[in-house]
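Student: I am sharing my_file03.cif, which consists of mmCIF, C-alpha atoms:
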```cif
data_target
#
loop_
_atom_site.group_PDB
_atom_site.id
_atom_site.type_symbol
_atom_site.label_atom_id
_atom_site.label_comp_id
_atom_site.auth_asym_id
_atom_site.auth_seq_id
_atom_site.Cartn_x
_atom_site.Cartn_y
_atom_site.Cartn_z
ATOM 1 C CA MET A 1301 -29.548 -31.742 -73.275
ATOM 2 C CA ARG A 1302 -32.452 -32.818 -71.039
ATOM 3 C CA ARG A 1303 -30.339 -32.163 -67.933
ATOM 4 C CA GLN A 1304 -29.587 -28.642 -69.162
ATOM 5 C CA ILE A 1305 -33.289 -27.921 -69.726
ATOM 6 C CA TRP A 1306 -34.220 -29.110 -66.223
ATOM 7 C CA LYS A 1307 -31.363 -27.076 -64.778
ATOM 8 C CA GLU A 1308 -32.590 -23.905 -66.489
ATOM 9 C CA LEU A 1309 -36.184 -24.593 -65.410
ATOM 10 C CA PHE A 1310 -35.093 -25.150 -61.806
ATOM 11 C CA LEU A 1311 -33.091 -21.918 -61.763
ATOM 12 C CA THR A 1312 -36.020 -19.993 -63.250
ATOM 13 C CA LEU A 1313 -38.453 -21.305 -60.620
ATOM 14 C CA LEU A 1314 -35.929 -20.683 -57.847
ATOM 15 C CA LEU A 1315 -35.410 -17.099 -58.993
ATOM 16 C CA ALA A 1316 -39.166 -16.512 -59.135
ATOM 17 C CA ALA A 1317 -39.611 -17.901 -55.616
ATOM 18 C CA LEU A 1318 -36.791 -15.772 -54.238
ATOM 19 C CA THR A 1319 -38.152 -12.659 -55.956
ATOM 20 C CA GLU A 1320 -41.618 -13.245 -54.501
ATOM 21 C CA ALA A 1321 -40.190 -13.816 -51.028
ATOM 22 C CA ALA A 1322 -37.988 -10.736 -51.226
ATOM 23 C CA TYR A 1323 -40.868 -8.243 -51.270
ATOM 24 C CA GLU A 1324 -43.835 -7.866 -48.975
ATOM 25 C CA CYS A 1325 -46.715 -5.481 -48.273
ATOM 26 C CA ASN A 1326 -48.270 -4.367 -45.016
ATOM 27 C CA ASP A 1327 -51.700 -3.133 -43.981
ATOM 28 C CA ASP A 1328 -54.416 -3.871 -46.546
ATOM 29 C CA TYR A 1329 -52.113 -3.781 -49.566
ATOM 30 C CA THR A 1330 -51.663 -6.627 -52.078
ATOM 31 C CA ILE A 1331 -48.325 -7.320 -53.767
ATOM 32 C CA PHE A 1332 -47.723 -7.480 -57.520
ATOM 33 C CA GLY A 1333 -44.086 -7.557 -58.619
ATOM 34 C CA GLU A 1334 -42.180 -4.981 -56.592
ATOM 35 C CA PHE A 1335 -45.213 -2.851 -55.714
ATOM 36 C CA CYS A 1336 -48.146 -2.922 -53.303
ATOM 37 C CA TYR A 1337 -51.717 -2.013 -54.290
ATOM 38 C CA LYS A 1338 -54.846 -1.173 -52.336
ATOM 39 C CA ALA A 1339 -58.450 -0.910 -53.504
ATOM 40 C CA ASN A 1340 -60.271 1.895 -51.680
ATOM 41 C CA ASN A 1341 -64.074 1.771 -51.844
ATOM 42 C CA THR A 1342 -64.577 5.289 -50.478
ATOM 43 C CA GLU A 1343 -65.921 7.525 -53.252
ATOM 44 C CA VAL A 1344 -63.802 10.677 -53.564
ATOM 45 C CA ASN A 1345 -62.692 12.972 -56.374
ATOM 46 C CA PRO A 1346 -59.255 12.393 -57.961
ATOM 47 C CA PHE A 1347 -57.531 15.155 -55.976
ATOM 48 C CA GLU A 1348 -58.774 13.710 -52.681
ATOM 49 C CA ALA A 1349 -57.615 10.253 -53.830
ATOM 50 C CA LEU A 1350 -54.161 11.737 -54.458
ATOM 51 C CA VAL A 1351 -54.003 13.108 -50.912
ATOM 52 C CA GLN A 1352 -55.176 9.864 -49.289
ATOM 53 C CA CYS A 1353 -52.710 7.684 -51.215
ATOM 54 C CA SER A 1354 -49.878 10.110 -50.471
ATOM 55 C CA ASN A 1355 -50.721 10.017 -46.760
ATOM 56 C CA GLU A 1356 -50.227 6.237 -46.889
ATOM 57 C CA GLY A 1357 -46.795 6.602 -48.475
ATOM 58 C CA GLY A 1358 -47.833 5.966 -52.055
ATOM 59 C CA MET A 1359 -49.645 7.498 -54.997
ATOM 60 C CA VAL A 1360 -52.788 6.868 -57.025
ATOM 61 C CA ALA A 1361 -51.842 3.837 -59.121
ATOM 62 C CA SER A 1362 -49.916 3.999 -62.374
ATOM 63 C CA ILE A 1363 -50.222 1.104 -64.855
ATOM 64 C CA HIS A 1364 -47.481 0.026 -67.245
ATOM 65 C CA SER A 1365 -48.524 -3.287 -68.794
ATOM 66 C CA GLU A 1366 -51.546 -5.398 -69.681
ATOM 67 C CA GLU A 1367 -50.632 -7.749 -66.826
ATOM 68 C CA GLU A 1368 -50.616 -4.902 -64.318
ATOM 69 C CA ASN A 1369 -53.886 -3.578 -65.755
ATOM 70 C CA ASN A 1370 -55.514 -6.995 -65.282
ATOM 71 C CA PHE A 1371 -54.177 -7.170 -61.726
ATOM 72 C CA VAL A 1372 -55.721 -3.793 -60.891
ATOM 73 C CA LEU A 1373 -59.009 -5.035 -62.381
ATOM 74 C CA GLY A 1374 -59.065 -7.864 -59.834
ATOM 75 C CA LEU A 1375 -58.400 -5.754 -56.738
ATOM 76 C CA PHE A 1376 -62.054 -5.011 -55.920
ATOM 77 C CA GLY A 1377 -63.083 -8.680 -55.930
ATOM 78 C CA GLU A 1378 -66.514 -9.915 -56.970
ATOM 79 C CA SER A 1379 -68.328 -6.596 -56.415
ATOM 80 C CA PRO A 1380 -66.268 -3.987 -58.257
ATOM 81 C CA PRO A 1381 -67.379 -0.385 -58.825
ATOM 82 C CA ALA A 1382 -68.252 0.903 -62.271
ATOM 83 C CA LEU A 1383 -65.101 3.077 -62.286
ATOM 84 C CA ALA A 1384 -62.020 3.514 -60.091
ATOM 85 C CA ILE A 1385 -59.630 6.462 -60.171
ATOM 86 C CA ILE A 1386 -56.032 5.863 -61.288
ATOM 87 C CA GLY A 1387 -53.107 8.284 -61.132
ATOM 88 C CA LEU A 1388 -53.145 9.676 -64.657
ATOM 89 C CA PHE A 1389 -53.624 13.340 -65.643
ATOM 90 C CA SER A 1390 -54.229 14.476 -69.234
ATOM 91 C CA PHE A 1391 -52.930 17.854 -70.394
ATOM 92 C CA SER A 1392 -54.399 17.394 -73.881
ATOM 93 C CA ASN A 1393 -56.059 14.690 -75.954
ATOM 94 C CA HIS A 1394 -52.560 13.496 -76.900
ATOM 95 C CA PHE A 1395 -50.483 14.066 -73.750
ATOM 96 C CA SER A 1396 -50.972 12.369 -70.365
ATOM 97 C CA LEU A 1397 -48.784 12.257 -67.253
ATOM 98 C CA TRP A 1398 -48.565 9.696 -64.452
ATOM 99 C CA LEU A 1399 -48.588 11.512 -61.118
ATOM 100 C CA ASP A 1400 -45.833 9.245 -59.753
ATOM 101 C CA ALA A 1401 -43.574 10.559 -62.568
ATOM 102 C CA THR A 1402 -43.171 7.158 -64.241
ATOM 103 C CA TYR A 1403 -43.152 6.827 -68.028
ATOM 104 C CA PHE A 1404 -46.372 6.595 -70.021
ATOM 105 C CA ASN A 1405 -45.386 3.344 -71.739
ATOM 106 C CA TYR A 1406 -48.748 1.537 -71.763
ATOM 107 C CA ASN A 1407 -51.934 3.020 -73.193
ATOM 108 C CA GLY A 1408 -55.226 1.629 -71.916
ATOM 109 C CA PHE A 1409 -57.450 4.500 -73.064
ATOM 110 C CA GLY A 1410 -60.855 3.752 -74.475
ATOM 111 C CA LEU A 1411 -61.783 7.438 -74.217
ATOM 112 C CA ARG A 1412 -59.328 10.312 -73.782
ATOM 113 C CA ASN A 1413 -61.254 13.537 -74.290
ATOM 114 C CA LEU A 1414 -60.753 16.674 -72.193
ATOM 115 C CA THR A 1415 -64.449 17.463 -72.602
ATOM 116 C CA TYR A 1416 -65.059 14.682 -70.077
ATOM 117 C CA GLY A 1417 -62.263 15.837 -67.743
ATOM 118 C CA LEU A 1418 -58.498 15.911 -67.204
ATOM 119 C CA CYS A 1419 -58.328 13.006 -64.734
ATOM 120 C CA VAL A 1420 -58.637 9.295 -65.547
ATOM 121 C CA ALA A 1421 -60.466 6.219 -64.227
ATOM 122 C CA ILE A 1422 -60.351 2.527 -65.139
ATOM 123 C CA ALA A 1423 -63.665 0.889 -66.049
ATOM 124 C CA TYR A 1424 -64.790 -2.276 -64.251
ATOM 125 C CA GLU A 1425 -68.022 -2.502 -66.235
ATOM 126 C CA SER A 1426 -68.596 -2.006 -69.948
ATOM 127 C CA GLY A 1427 -70.398 1.241 -70.709
ATOM 128 C CA VAL A 1428 -68.877 4.304 -72.351
ATOM 129 C CA VAL A 1429 -65.734 2.139 -72.660
ATOM 130 C CA ASN A 1430 -65.157 -1.595 -72.279
ATOM 131 C CA ALA A 1431 -64.237 -3.124 -68.927
ATOM 132 C CA GLY A 1432 -60.491 -2.759 -68.401
ATOM 133 C CA GLN A 1433 -60.192 0.377 -70.519
ATOM 134 C CA TRP A 1434 -59.493 3.873 -69.206
ATOM 135 C CA ARG A 1435 -61.620 6.965 -69.671
ATOM 136 C CA SER A 1436 -61.415 10.673 -68.894
ATOM 137 C CA VAL A 1437 -63.334 11.913 -65.824
ATOM 138 C CA LYS A 1438 -63.745 15.265 -64.094
ATOM 139 C CA CYS A 1439 -61.096 16.021 -61.482
ATOM 140 C CA LEU A 1440 -63.455 17.758 -59.046
ATOM 141 C CA GLN A 1441 -67.013 16.842 -59.990
ATOM 142 C CA SER A 1442 -66.571 13.045 -60.301
ATOM 143 C CA PHE A 1443 -66.500 10.808 -57.213
ATOM 144 C CA HIS A 1444 -65.340 7.190 -57.432
ATOM 145 C CA PRO A 1445 -63.392 4.535 -55.515
ATOM 146 C CA PHE A 1446 -59.651 4.590 -56.202
ATOM 147 C CA VAL A 1447 -56.492 2.469 -56.258
ATOM 148 C CA CYS A 1448 -53.305 3.327 -54.336
ATOM 149 C CA LYS A 1449 -49.849 2.007 -55.235
ATOM 150 C CA LYS A 1450 -46.558 2.116 -53.326
ATOM 151 C CA ASP A 1451 -43.169 0.395 -53.204
ATOM 152 C CA ALA A 1452 -43.082 -3.047 -51.632
ATOM 153 C CA THR A 1453 -40.752 -3.617 -48.676
ATOM 154 C CA PHE A 1454 -37.561 -5.491 -49.555
ATOM 155 C CA THR A 1455 -37.169 -8.156 -46.876
ATOM 156 C CA THR A 1456 -33.903 -9.961 -47.721
ATOM 157 C CA GLU A 1457 -30.321 -8.841 -48.190
ATOM 158 C CA ALA A 1458 -29.527 -7.727 -51.713
ATOM 159 C CA THR A 1459 -26.673 -6.108 -53.554
ATOM 160 C CA GLU A 1460 -28.999 -3.622 -55.172
ATOM 161 C CA ALA A 1461 -31.718 -1.544 -53.597
ATOM 162 C CA PRO A 1462 -35.239 -1.975 -55.023
ATOM 163 C CA LEU A 1463 -36.460 0.596 -57.486
ATOM 164 C CA THR A 1464 -38.351 3.444 -55.896
ATOM 165 C CA THR A 1465 -41.149 5.575 -57.234
ATOM 166 C CA PRO A 1466 -40.897 9.366 -56.809
ATOM 167 C CA GLN A 1467 -43.514 10.571 -54.367
ATOM 168 C CA LEU A 1468 -45.418 13.817 -54.139
ATOM 169 C CA ASP A 1469 -44.574 16.172 -51.288
ATOM 170 C CA ILE A 1470 -48.031 17.038 -49.997
ATOM 171 C CA THR A 1471 -49.116 18.998 -46.949
ATOM 172 C CA THR A 1472 -52.873 19.393 -46.513
ATOM 173 C CA GLN A 1473 -53.958 22.062 -44.038
ATOM 174 C CA SER A 1474 -56.981 24.250 -43.388
ATOM 175 C CA HIS A 1475 -57.600 27.226 -45.680
ATOM 176 C CA THR A 1476 -56.020 29.629 -43.190
ATOM 177 C CA THR A 1477 -52.549 28.189 -43.872
ATOM 178 C CA GLN A 1478 -50.620 27.462 -47.030
ATOM 179 C CA SER A 1479 -51.063 23.994 -48.569
ATOM 180 C CA HIS A 1480 -48.668 22.778 -51.213
ATOM 181 C CA THR A 1481 -48.497 19.963 -53.711
ATOM 182 C CA THR A 1482 -45.412 19.359 -55.840
ATOM 183 C CA VAL A 1483 -45.834 17.051 -58.824
ATOM 184 C CA ALA A 1484 -42.622 15.603 -60.255
ATOM 185 C CA HIS A 1485 -42.462 16.026 -64.025
ATOM 186 C CA THR A 1486 -41.456 13.723 -66.824
ATOM 187 C CA THR A 1487 -41.197 13.851 -70.600
ATOM 188 C CA GLN A 1488 -43.502 10.953 -71.293
ATOM 189 C CA GLY A 1489 -46.254 10.990 -73.926
ATOM 190 C CA HIS A 1490 -46.380 13.120 -77.056
ATOM 191 C CA SER A 1491 -44.620 16.469 -77.015
ATOM 192 C CA THR A 1492 -46.544 18.048 -79.872
ATOM 193 C CA GLU A 1493 -47.636 21.586 -78.963
ATOM 194 C CA PRO A 1494 -51.411 21.732 -78.495
ATOM 195 C CA SER A 1495 -53.292 24.345 -80.428
ATOM 196 C CA THR A 1496 -54.828 26.743 -77.901
ATOM 197 C CA THR A 1497 -55.915 30.345 -77.553
ATOM 198 C CA PRO A 1498 -53.231 32.871 -76.443
ATOM 199 C CA GLY A 1499 -53.818 34.510 -73.078
ATOM 200 C CA SER A 1500 -54.826 38.128 -72.763
ATOM 201 C CA GLY A 1501 -55.957 40.702 -70.199
ATOM 202 C CA ASP A 1502 -54.876 41.546 -66.668
ATOM 203 C CA PHE A 1503 -54.201 38.803 -64.154
ATOM 204 C CA HIS A 1504 -54.765 38.714 -60.408
ATOM 205 C CA GLY A 1505 -53.830 35.278 -59.064
ATOM 206 C CA PRO A 1506 -55.400 33.777 -55.925
ATOM 207 C CA SER A 1507 -53.327 32.314 -53.111
ATOM 208 C CA ASP A 1508 -56.090 30.623 -51.118
ATOM 209 C CA CYS A 1509 -59.555 29.116 -51.563
ATOM 210 C CA PRO A 1510 -62.001 30.450 -48.903
ATOM 211 C CA ASN A 1511 -64.067 32.495 -51.377
ATOM 212 C CA LEU A 1512 -63.414 30.444 -54.507
ATOM 213 C CA THR A 1513 -65.592 27.729 -55.998
ATOM 214 C CA ASP A 1514 -64.037 24.353 -56.753
ATOM 215 C CA GLY A 1515 -61.826 24.506 -59.823
ATOM 216 C CA ASN A 1516 -58.369 25.400 -61.145
ATOM 217 C CA TYR A 1517 -56.928 28.929 -60.894
ATOM 218 C CA ALA A 1518 -53.716 30.453 -62.270
ATOM 219 C CA MET A 1519 -51.422 31.780 -59.528
ATOM 220 C CA SER A 1520 -49.459 34.183 -61.716
ATOM 221 C CA ALA A 1521 -49.288 35.294 -65.333
ATOM 222 C CA CYS A 1522 -47.070 32.882 -67.288
ATOM 223 C CA GLY A 1523 -46.623 30.813 -64.119
ATOM 224 C CA ASN A 1524 -45.598 27.156 -63.954
ATOM 225 C CA GLN A 1525 -48.040 26.462 -61.090
ATOM 226 C CA PHE A 1526 -51.812 26.537 -60.738
ATOM 227 C CA LEU A 1527 -54.094 26.411 -57.712
ATOM 228 C CA THR A 1528 -56.742 23.696 -57.415
ATOM 229 C CA CYS A 1529 -59.541 24.320 -54.922
ATOM 230 C CA SER A 1530 -61.470 21.321 -53.583
ATOM 231 C CA HIS A 1531 -64.032 21.842 -50.798
ATOM 232 C CA GLY A 1532 -62.253 25.042 -49.737
ATOM 233 C CA LEU A 1533 -58.805 23.403 -49.531
ATOM 234 C CA PRO A 1534 -55.971 24.660 -51.785
ATOM 235 C CA TYR A 1535 -53.607 22.349 -53.678
ATOM 236 C CA VAL A 1536 -50.723 23.919 -55.611
ATOM 237 C CA VAL A 1537 -49.797 21.810 -58.660
ATOM 238 C CA ASP A 1538 -46.685 22.181 -60.827
ATOM 239 C CA CYS A 1539 -46.932 21.898 -64.605
ATOM 240 C CA PRO A 1540 -44.238 19.785 -66.314
ATOM 241 C CA ALA A 1541 -40.978 21.547 -67.151
ATOM 242 C CA ASN A 1542 -41.133 24.250 -69.843
ATOM 243 C CA LEU A 1543 -44.939 24.519 -69.636
ATOM 244 C CA VAL A 1544 -47.109 27.227 -68.043
ATOM 245 C CA TYR A 1545 -50.714 27.138 -66.872
ATOM 246 C CA ASN A 1546 -53.153 28.508 -69.479
ATOM 247 C CA TRP A 1547 -56.328 29.550 -67.647
ATOM 248 C CA ASN A 1548 -58.138 30.125 -70.955
ATOM 249 C CA VAL A 1549 -58.239 26.388 -71.687
ATOM 250 C CA ASP A 1550 -57.639 25.085 -68.127
ATOM 251 C CA GLN A 1551 -54.499 23.067 -68.867
ATOM 252 C CA CYS A 1552 -50.707 23.274 -68.889
ATOM 253 C CA ASP A 1553 -49.601 24.768 -72.184
ATOM 254 C CA TRP A 1554 -46.598 26.015 -74.145
ATOM 255 C CA PRO A 1555 -45.501 29.562 -73.160
ATOM 256 C CA SER A 1556 -45.863 30.752 -76.758
ATOM 257 C CA ASN A 1557 -49.610 30.049 -76.614
ATOM 258 C CA MET A 1558 -49.866 32.421 -73.640
ATOM 259 C CA GLY A 1559 -47.730 35.168 -75.190
ATOM 260 C CA CYS A 1560 -45.055 34.564 -72.523
#
```
If you convert what's in this file into structure tokens, what do you get?
Tutor:
Amino acid sequence: MRRQIWKELFLTLLLAALTEAAYECNDDYTIFGEFCYKANNTEVNPFEALVQCSNEGGMVASIHSEEENNFVLGLFGESPPALAIIGLFSFSNHFSLWLDATYFNYNGFGLRNLTYGLCVAIAYESGVVNAGQWRSVKCLQSFHPFVCKKDATFTTEATEAPLTTPQLDITTQSHTTQSHTTVAHTTQGHSTEPSTTPGSGDFHGPSDCPNLTDGNYAMSACGNQFLTCSHGLPYVVDCPANLVYNWNVDQCDWPSNMGC
């Protein structure tokens, strides 16, 4: 019996050691499980954080467990910021979407209220929410450090390829050329239809940002995409499947609420 216990313990430790050795991170990234994470102290808005993480081959971090949440809390060391942007976007007070298209299977919200914004940050200091909890922040008017996350590199032979995280296809150019962001969709979160105001009136959708203030703009009536302008740069964002952009309430919505 004792021999069997030691055998199982040895195999468990051996498997853990092999798993740790099988994945590695480069640059300034730190490994946790099969993913690499990077704390960025530059203060940007959530859309700029999305672009920077994508340019490094990753995405603004998603979090799927208390252990991962605690790991992200330790990334900034002994002098953390008050808040750091993570890769979560809220379409209503009951429906949020990870930008890397992974499932919303862990809820760290201390405050999810669209009045405070559609984007999300994790708190490193207790204030509006407790340290470690998430809160809603403005997508364009709030500027904070941020956390990037990407797949770790598999360094040994294996019979199965490591899991990969869907990435956004982003091209950022000057306002004289077309810029495009495609957000993969998922069916995570609650699917209850939000109660909103039906759309009305004529629509003339923009296609660029030179003369527009920062904000979100519908590109077409009953369209699945909306245009986000940030410092004169356009980012085209897709709503999840079966939803359209409702410019009356500035969120993705059910077609029936827009009279589509």
Student: Using all atoms listed in the file, can you tell me which of A:Gly1408, A:Pro1346, A:Pro1534, A:Gly1559 comes closest to Asn1370 (chain A)?
Tutor: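 Answer, going by the shortest atom-to-atom distance: A:Gly1408.
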Student: Please compute the CA of Tyr1517 (chain A)-CA of Val1544 (chain A) distance, one decimal, in Å.
Tutor: 12.3 Å
Student: Within 12 Å of Ser1390 (chain A), counting all atoms listed in the file, which residues qualify if same-chain residues fewer than 2 places away don't, as a count of residues only?
Tutor: 39
Student: To one decimal place in Å, what is the distance between CA of Leu1440 (chain A) and CA of Tyr1406 (chain A)?
Tutor: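 It comes out at 25.3 Å.
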Student: In Å, rounded to a single decimal, give me how far CA of Phe1454 (chain A) is from CA of Ser1362 (chain A).
Tutor: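 CA of Phe1454 (chain A) lies at a distance of 20.2 Å from CA of Ser1362 (chain A).
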Student: May I have the protein, DNA and RNA residues with any atom at most 12 Å from the point (-52.3, -2.3, -69.5), counting only C-alpha atoms, written as a list in words?
Tutor: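 Answer for this query, in the requested form: Ser1362, Ile1363, His1364, Ser1365, Glu1366, Glu1367, Glu1368, Asn1369, Asn1370, Phe1371, Val1372, Leu1373, Phe1404, Asn1405, Tyr1406, Asn1407, Gly1408, Phe1409, Gly1410, Ile1422, Ala1431, Gly1432, Gln1433 and Trp1434 of chain A.
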Student: Do you know which residues the PyMOL selection byres ((chain A and resi 1347) around 10) returns on this file, as a list in words?
Tutor: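 Taken over the shown coordinates, the PyMOL selection byres ((chain A and resi 1347) around 10) returns Val1344, Asn1345, Pro1346, Glu1348, Ala1349, Leu1350, Val1351, Gln1352, Val1360, Ile1385, Gly1387, Cys1419, Cys1439, Leu1440, Thr1528, Cys1529, Ser1530 and Tyr1535 of chain A.
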Student: If you apply the PyMOL selection byres ((chain A and resi 1333) around 10) to this file, what residues do you get, as a PyMOL selection string?
Tutor: chain A and resi 1319-1320+1323-1324+1331-1332+1334-1336+1368+1451-1452
Student: Of the residues A:Cys1509, A:Ala1401, A:Val1549, A:Leu1533, which is the one nearest to Met1359 (chain A), using all atoms listed in the file?
Tutor: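 Between A:Cys1509, A:Ala1401, A:Val1549, A:Leu1533, the residue approaching Met1359 (chain A) most closely is A:Ala1401.
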Student: Identify which of the residues A:Ala1541, A:Glu1425, A:Cys1353, A:Ala1322 lies closest to Glu1378 (chain A), counting only C-alpha atoms when measuring atom-to-atom distances.
Tutor: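 Residue with the minimum atom-to-atom distance to Glu1378 (chain A): A:Glu1425.
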Student: Excluding Ala1384 (chain A) and its own-chain neighbours fewer than 2 positions away, which residues fall within 9 Å of it when counting all atoms listed in the file? Please give them as a list of chain:residue names.
Tutor: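 The neighbour list is A:Ala1339, A:Asn1340, A:Asn1341, A:Glu1343, A:Pro1380, A:Pro1381, A:Ala1382, A:Ile1386, A:Val1420, A:Ala1421, A:Ile1422, A:Ala1423, A:Tyr1424, A:His1444, A:Pro1445, A:Phe1446, A:Val1447.
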Student: Could you pull the residues within 12 Å of Tyr1545 (chain A), counting all atoms listed in the file, minus those fewer than 3 positions along the same chain, as a ChimeraX atom specification?
Tutor: /A:1391,1496,1498-1499,1505,1516-1528,1536-1542,1548-1560
